[in-house]
>>> print(open('run_17.pdb').read())   # PDB, C-alpha atoms
ATOM      1  CA  MET A   1     -17.263  -4.384 -56.055
ATOM      2  CA  VAL A   2     -17.376  -7.813 -54.400
ATOM      3  CA  ARG A   3     -13.859  -7.381 -52.952
ATOM      4  CA  GLY A   4     -14.877  -4.014 -51.517
ATOM      5  CA  PHE A   5     -17.987  -5.535 -50.021
ATOM      6  CA  GLU A   6     -15.884  -8.314 -48.461
ATOM      7  CA  GLN A   7     -13.972  -5.602 -46.629
ATOM      8  CA  VAL A   8     -17.232  -4.018 -45.473
ATOM      9  CA  PHE A   9     -18.420  -7.438 -44.304
ATOM     10  CA  GLU A  10     -15.224  -8.133 -42.356
ATOM     11  CA  ARG A  11     -15.185  -4.694 -40.783
ATOM     12  CA  TYR A  12     -18.843  -4.367 -39.784
ATOM     13  CA  TYR A  13     -20.004  -7.938 -39.223
ATOM     14  CA  PRO A  14     -19.090  -7.957 -35.498
ATOM     15  CA  ARG A  15     -20.938  -4.686 -34.813
ATOM     16  CA  VAL A  16     -24.049  -5.712 -36.749
ATOM     17  CA  TYR A  17     -24.018  -9.168 -35.149
ATOM     18  CA  ARG A  18     -23.825  -7.672 -31.625
ATOM     19  CA  PHE A  19     -26.671  -5.310 -32.495
ATOM     20  CA  VAL A  20     -28.884  -8.154 -33.753
ATOM     21  CA  LEU A  21     -27.922 -10.361 -30.814
ATOM     22  CA  ALA A  22     -29.009  -7.584 -28.449
ATOM     23  CA  LEU A  23     -32.380  -7.537 -30.215
ATOM     24  CA  CYS A  24     -33.071 -11.262 -30.352
ATOM     25  CA  ARG A  25     -30.845 -12.803 -27.619
ATOM     26  CA  ASP A  26     -30.397 -15.941 -29.727
ATOM     27  CA  ASN A  27     -26.962 -16.694 -31.213
ATOM     28  CA  PRO A  28     -28.066 -18.830 -34.191
ATOM     29  CA  LEU A  29     -30.861 -16.412 -35.051
ATOM     30  CA  ALA A  30     -28.496 -13.445 -34.728
ATOM     31  CA  GLU A  31     -26.067 -15.114 -37.135
ATOM     32  CA  GLU A  32     -28.850 -15.824 -39.631
ATOM     33  CA  LEU A  33     -30.277 -12.302 -39.456
ATOM     34  CA  THR A  34     -26.815 -10.755 -39.748
ATOM     35  CA  GLN A  35     -26.157 -12.817 -42.868
ATOM     36  CA  GLN A  36     -29.514 -11.708 -44.291
ATOM     37  CA  THR A  37     -28.621  -8.116 -43.455
ATOM     38  CA  PHE A  38     -25.413  -8.231 -45.464
ATOM     39  CA  PHE A  39     -27.173 -10.016 -48.318
ATOM     40  CA  LYS A  40     -29.819  -7.273 -48.432
ATOM     41  CA  ALA A  41     -27.113  -4.615 -48.173
ATOM     42  CA  LEU A  42     -25.251  -6.117 -51.120
ATOM     43  CA  GLN A  43     -28.472  -6.165 -53.155
ATOM     44  CA  SER A  44     -29.244  -2.537 -52.356
ATOM     45  CA  ILE A  45     -25.802  -0.967 -52.016
ATOM     46  CA  GLY A  46     -26.728   1.318 -54.911
ATOM     47  CA  THR A  47     -29.405   2.950 -52.754
ATOM     48  CA  PHE A  48     -26.923   3.910 -50.015
ATOM     49  CA  ARG A  49     -26.741   7.702 -50.261
ATOM     50  CA  GLY A  50     -24.057   8.238 -47.654
ATOM     51  CA  GLU A  51     -26.283  10.422 -45.470
ATOM     52  CA  CYS A  52     -25.266   8.350 -42.458
ATOM     53  CA  ARG A  53     -22.364   6.119 -41.561
ATOM     54  CA  LEU A  54     -22.288   2.730 -43.260
ATOM     55  CA  ASP A  55     -22.579   0.833 -39.962
ATOM     56  CA  VAL A  56     -25.699   2.838 -39.064
ATOM     57  CA  TRP A  57     -27.225   1.942 -42.439
ATOM     58  CA  LEU A  58     -26.376  -1.730 -41.892
ATOM     59  CA  CYS A  59     -27.915  -1.671 -38.407
ATOM     60  CA  GLN A  60     -31.075  -0.137 -39.890
ATOM     61  CA  ILE A  61     -31.288  -3.013 -42.357
ATOM     62  CA  ALA A  62     -30.645  -5.466 -39.511
ATOM     63  CA  LYS A  63     -33.411  -3.904 -37.433
ATOM     64  CA  HIS A  64     -35.867  -4.237 -40.317
ATOM     65  CA  GLU A  65     -34.800  -7.863 -40.839
ATOM     66  CA  TYR A  66     -35.370  -8.578 -37.147
ATOM     67  CA  TYR A  67     -38.807  -6.926 -37.160
ATOM     68  CA  ALA A  68     -39.776  -8.826 -40.309
ATOM     69  CA  HIS A  69     -38.651 -12.060 -38.666
ATOM     70  CA  THR A  70     -40.710 -11.391 -35.526
ATOM     71  CA  ARG A  71     -43.775 -10.538 -37.626
ATOM     72  CA  ARG A  72     -43.387 -13.822 -39.526
ATOM     73  CA  GLN A  73     -42.986 -15.713 -36.256
ATOM     74  CA  ARG A  74     -46.120 -14.150 -34.774
ATOM     75  CA  ARG A  75     -48.100 -14.812 -37.932
ATOM     76  CA  ASP A  76     -46.958 -18.437 -38.155
ATOM     77  CA  ALA A  77     -47.298 -19.288 -34.457
ATOM     78  CA  ASP A  78     -50.425 -20.803 -33.035
ATOM     79  CA  PRO A  79     -51.901 -18.780 -30.206
ATOM     80  CA  PRO A  80     -50.601 -20.158 -26.909
ATOM     81  CA  PHE A  81     -52.910 -22.297 -24.880
ATOM     82  CA  VAL A  82     -53.378 -20.700 -21.469
ATOM     83  CA  LEU A  83     -54.787 -22.681 -18.592
ATOM     84  CA  PRO A  84     -57.236 -20.567 -16.684
ATOM     85  CA  ASP A  85     -55.990 -19.397 -13.313
ATOM     86  CA  PRO A  86     -58.307 -20.540 -10.520
ATOM     87  CA  THR A  87     -58.239 -17.033  -9.046
ATOM     88  CA  GLY A  88     -59.145 -15.547 -12.404
ATOM     89  CA  HIS A  89     -56.261 -13.011 -12.345
ATOM     90  CA  GLU A  90     -53.620 -14.505 -14.634
ATOM     91  CA  PRO A  91     -55.405 -14.138 -18.018
ATOM     92  CA  VAL A  92     -56.563 -10.627 -17.104
ATOM     93  CA  LEU A  93     -53.023  -9.606 -16.126
ATOM     94  CA  ALA A  94     -51.630 -11.002 -19.395
ATOM     95  CA  LEU A  95     -54.314  -9.136 -21.348
ATOM     96  CA  VAL A  96     -53.503  -5.846 -19.584
ATOM     97  CA  GLN A  97     -49.769  -6.305 -20.215
ATOM     98  CA  ARG A  98     -50.376  -7.017 -23.913
ATOM     99  CA  GLU A  99     -52.580  -3.951 -24.226
ATOM    100  CA  GLU A 100     -49.953  -1.783 -22.518
ATOM    101  CA  ALA A 101     -47.312  -3.103 -24.936
ATOM    102  CA  ARG A 102     -49.602  -2.308 -27.878
ATOM    103  CA  SER A 103     -50.098   1.226 -26.566
ATOM    104  CA  VAL A 104     -46.336   1.751 -26.345
ATOM    105  CA  HIS A 105     -45.839   0.408 -29.884
ATOM    106  CA  ARG A 106     -48.632   2.573 -31.266
ATOM    107  CA  ALA A 107     -47.102   5.639 -29.618
ATOM    108  CA  LEU A 108     -43.629   4.658 -30.791
ATOM    109  CA  HIS A 109     -44.790   4.568 -34.407
ATOM    110  CA  LEU A 110     -46.052   8.141 -34.062
ATOM    111  CA  LEU A 111     -42.677   9.428 -32.863
ATOM    112  CA  GLY A 112     -40.384  11.211 -35.253
ATOM    113  CA  GLU A 113     -36.717  10.553 -35.729
ATOM    114  CA  PRO A 114     -34.327  10.390 -33.935
ATOM    115  CA  TYR A 115     -36.603   9.735 -30.949
ATOM    116  CA  LYS A 116     -38.110   6.550 -32.378
ATOM    117  CA  GLU A 117     -34.711   5.097 -33.280
ATOM    118  CA  VAL A 118     -32.976   6.017 -30.009
ATOM    119  CA  PHE A 119     -35.863   4.643 -27.939
ATOM    120  CA  SER A 120     -35.918   1.399 -29.967
ATOM    121  CA  LEU A 121     -32.163   0.927 -29.719
ATOM    122  CA  ARG A 122     -32.218   1.501 -25.972
ATOM    123  CA  VAL A 123     -35.330  -0.498 -25.056
ATOM    124  CA  PHE A 124     -35.498  -3.263 -27.656
ATOM    125  CA  GLY A 125     -31.837  -3.393 -28.620
ATOM    126  CA  GLU A 126     -30.690  -2.850 -25.023
ATOM    127  CA  LEU A 127     -27.757  -0.814 -26.299
ATOM    128  CA  PRO A 128     -25.857   1.407 -23.891
ATOM    129  CA  PHE A 129     -26.135   5.147 -24.402
ATOM    130  CA  LEU A 130     -22.494   5.358 -25.469
ATOM    131  CA  GLU A 131     -23.044   2.924 -28.348
ATOM    132  CA  ILE A 132     -26.234   4.709 -29.413
ATOM    133  CA  ALA A 133     -24.305   7.969 -29.420
ATOM    134  CA  GLN A 134     -21.599   6.421 -31.575
ATOM    135  CA  LEU A 135     -24.162   5.159 -34.083
ATOM    136  CA  PHE A 136     -25.467   8.701 -34.502
ATOM    137  CA  GLU A 137     -22.033  10.314 -34.210
ATOM    138  CA  LYS A 138     -23.261  12.343 -31.237
ATOM    139  CA  THR A 139     -22.354  12.571 -27.550
ATOM    140  CA  GLU A 140     -23.521  10.198 -24.857
ATOM    141  CA  SER A 141     -25.405  13.100 -23.253
ATOM    142  CA  TRP A 142     -27.274  13.635 -26.518
ATOM    143  CA  ALA A 143     -28.319   9.968 -26.512
ATOM    144  CA  ARG A 144     -29.520  10.175 -22.899
ATOM    145  CA  VAL A 145     -31.497  13.385 -23.463
ATOM    146  CA  THR A 146     -33.019  12.091 -26.704
ATOM    147  CA  TYR A 147     -34.086   8.848 -24.994
ATOM    148  CA  TYR A 148     -35.587  10.783 -22.076
ATOM    149  CA  ARG A 149     -37.523  13.067 -24.428
ATOM    150  CA  ALA A 150     -38.734  10.059 -26.433
ATOM    151  CA  LYS A 151     -39.959   8.448 -23.236
ATOM    152  CA  LEU A 152     -41.852  11.613 -22.271
ATOM    153  CA  LYS A 153     -43.412  11.869 -25.732
ATOM    154  CA  ILE A 154     -44.526   8.221 -25.570
ATOM    155  CA  GLN A 155     -46.078   8.790 -22.152
ATOM    156  CA  GLU A 156     -47.929  11.854 -23.494
ATOM    157  CA  LEU A 157     -49.188   9.940 -26.537
ATOM    158  CA  ILE A 158     -50.402   7.053 -24.390
ATOM    159  CA  LYS A 159     -52.124   9.473 -22.039
ATOM    160  CA  GLU A 160     -53.860  11.177 -25.006
ATOM    161  CA  ASP A 161     -54.880   7.759 -26.346
ATOM    162  CA  VAL A 162     -56.492   6.806 -23.023
ATOM    163  CA  GLU A 163     -58.406  10.067 -22.671
TER
END
>>> encode(input="run_17.pdb", output="structure tokens")
Amino acid sequence: MVRGFEQVFERYYPRVYRFVLALCRDNPLAEELTQQTFFKALQSIGTFRGECRLDVWLCQIAKHEYYAHTRRQRRDADPPFVLPDPTGHEPVLALVQREEARSVHRALHLLGEPYKEVFSLRVFGELPFLEIAQLFEKTESWARVTYYRAKLKIQELIKEDVE
């Protein structure tokens, strides 16, 4: 079992690392999260049902590790000290941008699959459509259309939320 997992590690480490690096843009953090991903995968290899490719499953674990890391960071960080802008616009602009980001995240959580995953991979993971298509074993056109439809659905959900 361990020898087989070593082969999985050697084969998929570069892909998972690139995926995590695209999410976090920090080499040491990407290495750490990739290691955690393979550790979690080894612990739960018995739950892998083979309904998707192994690299897709590993990237899912990596994504969850990254999100868990960012949640821990936000929880542990002190709120930033913001000097008031003399014009009074800067804090208001930051507040509006944060609220817009929250609206997008709320809408994203309401999306079904594969829209949620494709949108996340494209926007947060900054993956090209070709790589997204390969992860899902689909065509690049499928990835583009799915992303476009996800974007429309998010816009509709945000619009409904505002009304």
>>> atom_distance(input="run_17.pdb", atom1="CA of Ile61 in chain A", atom2="CA of Leu130 in chain A")
20.8 Å
>>> resolve_selection(input="run_17.pdb", expression="the PyMOL selection byres ((chain A and resi 58) around 10)", output="list of chain:residue names")
A:Tyr12, A:Tyr13, A:Arg15, A:Val16, A:Thr34, A:Thr37, A:Phe38, A:Lys40, A:Ala41, A:Phe48, A:Arg53, A:Leu54, A:Asp55, A:Val56, A:Trp57, A:Cys59, A:Gln60, A:Ile61, A:Ala62, A:Lys63, A:His64
>>> atom_distance(input="run_17.pdb", atom1="CA of Ala150 in chain A", atom2="CA of Phe19 in chain A")
20.5 Å
>>> residues_around(input="run_17.pdb", residues="Pro128 in chain A", least_positions_apart="6", cutoff="12 Å", atoms="only C-alpha atoms", output="list of chain:residue names")
A:Phe19, A:Ala22, A:Val118, A:Phe119, A:Ser120, A:Leu121, A:Arg122, A:Gln134, A:Leu135, A:Glu140, A:Ser141, A:Ala143, A:Arg144, A:Tyr147
>>> atom_distance(input="run_17.pdb", atom1="CA of Gly4 in chain A", atom2="CA of Glu32 in chain A")
21.8 Å
>>> residues_around(input="run_17.pdb", residues="range 65-70 of chain A", least_positions_apart="4", cutoff="8 Å", atoms="only C-alpha atoms", output="VMD selection string")
chain A and resid 20 23 to 24 33 36 to 37 61 74
>>> write_last_selection(input="run_17.pdb", atoms="C-alpha atoms", output="short mmCIF file (atom, residue, chain, number, x, y, z; two decimals), in the coordinates of the input")
data_model
loop_
_atom_site.label_atom_id
_atom_site.label_comp_id
_atom_site.auth_asym_id
_atom_site.auth_seq_id
_atom_site.Cartn_x
_atom_site.Cartn_y
_atom_site.Cartn_z
CA VAL A 20 -28.88 -8.15 -33.75
CA LEU A 23 -32.38 -7.54 -30.22
CA CYS A 24 -33.07 -11.26 -30.35
CA LEU A 33 -30.28 -12.30 -39.46
CA GLN A 36 -29.51 -11.71 -44.29
CA THR A 37 -28.62 -8.12 -43.46
CA ILE A 61 -31.29 -3.01 -42.36
CA ARG A 74 -46.12 -14.15 -34.77
#
>>> resolve_selection(input="run_17.pdb", expression="the PyMOL selection byres ((chain A and resi 151) around 12)", output="number ranges by chain")
A: 104-105, 107-108, 111, 115-120, 122-123, 144-150, 152-158
>>> closest_residue(input="run_17.pdb", among="A:Phe124, A:Ala101, A:Gln73, A:Ile132", to="Arg25 in chain A", atoms="only C-alpha atoms")
A:Phe124
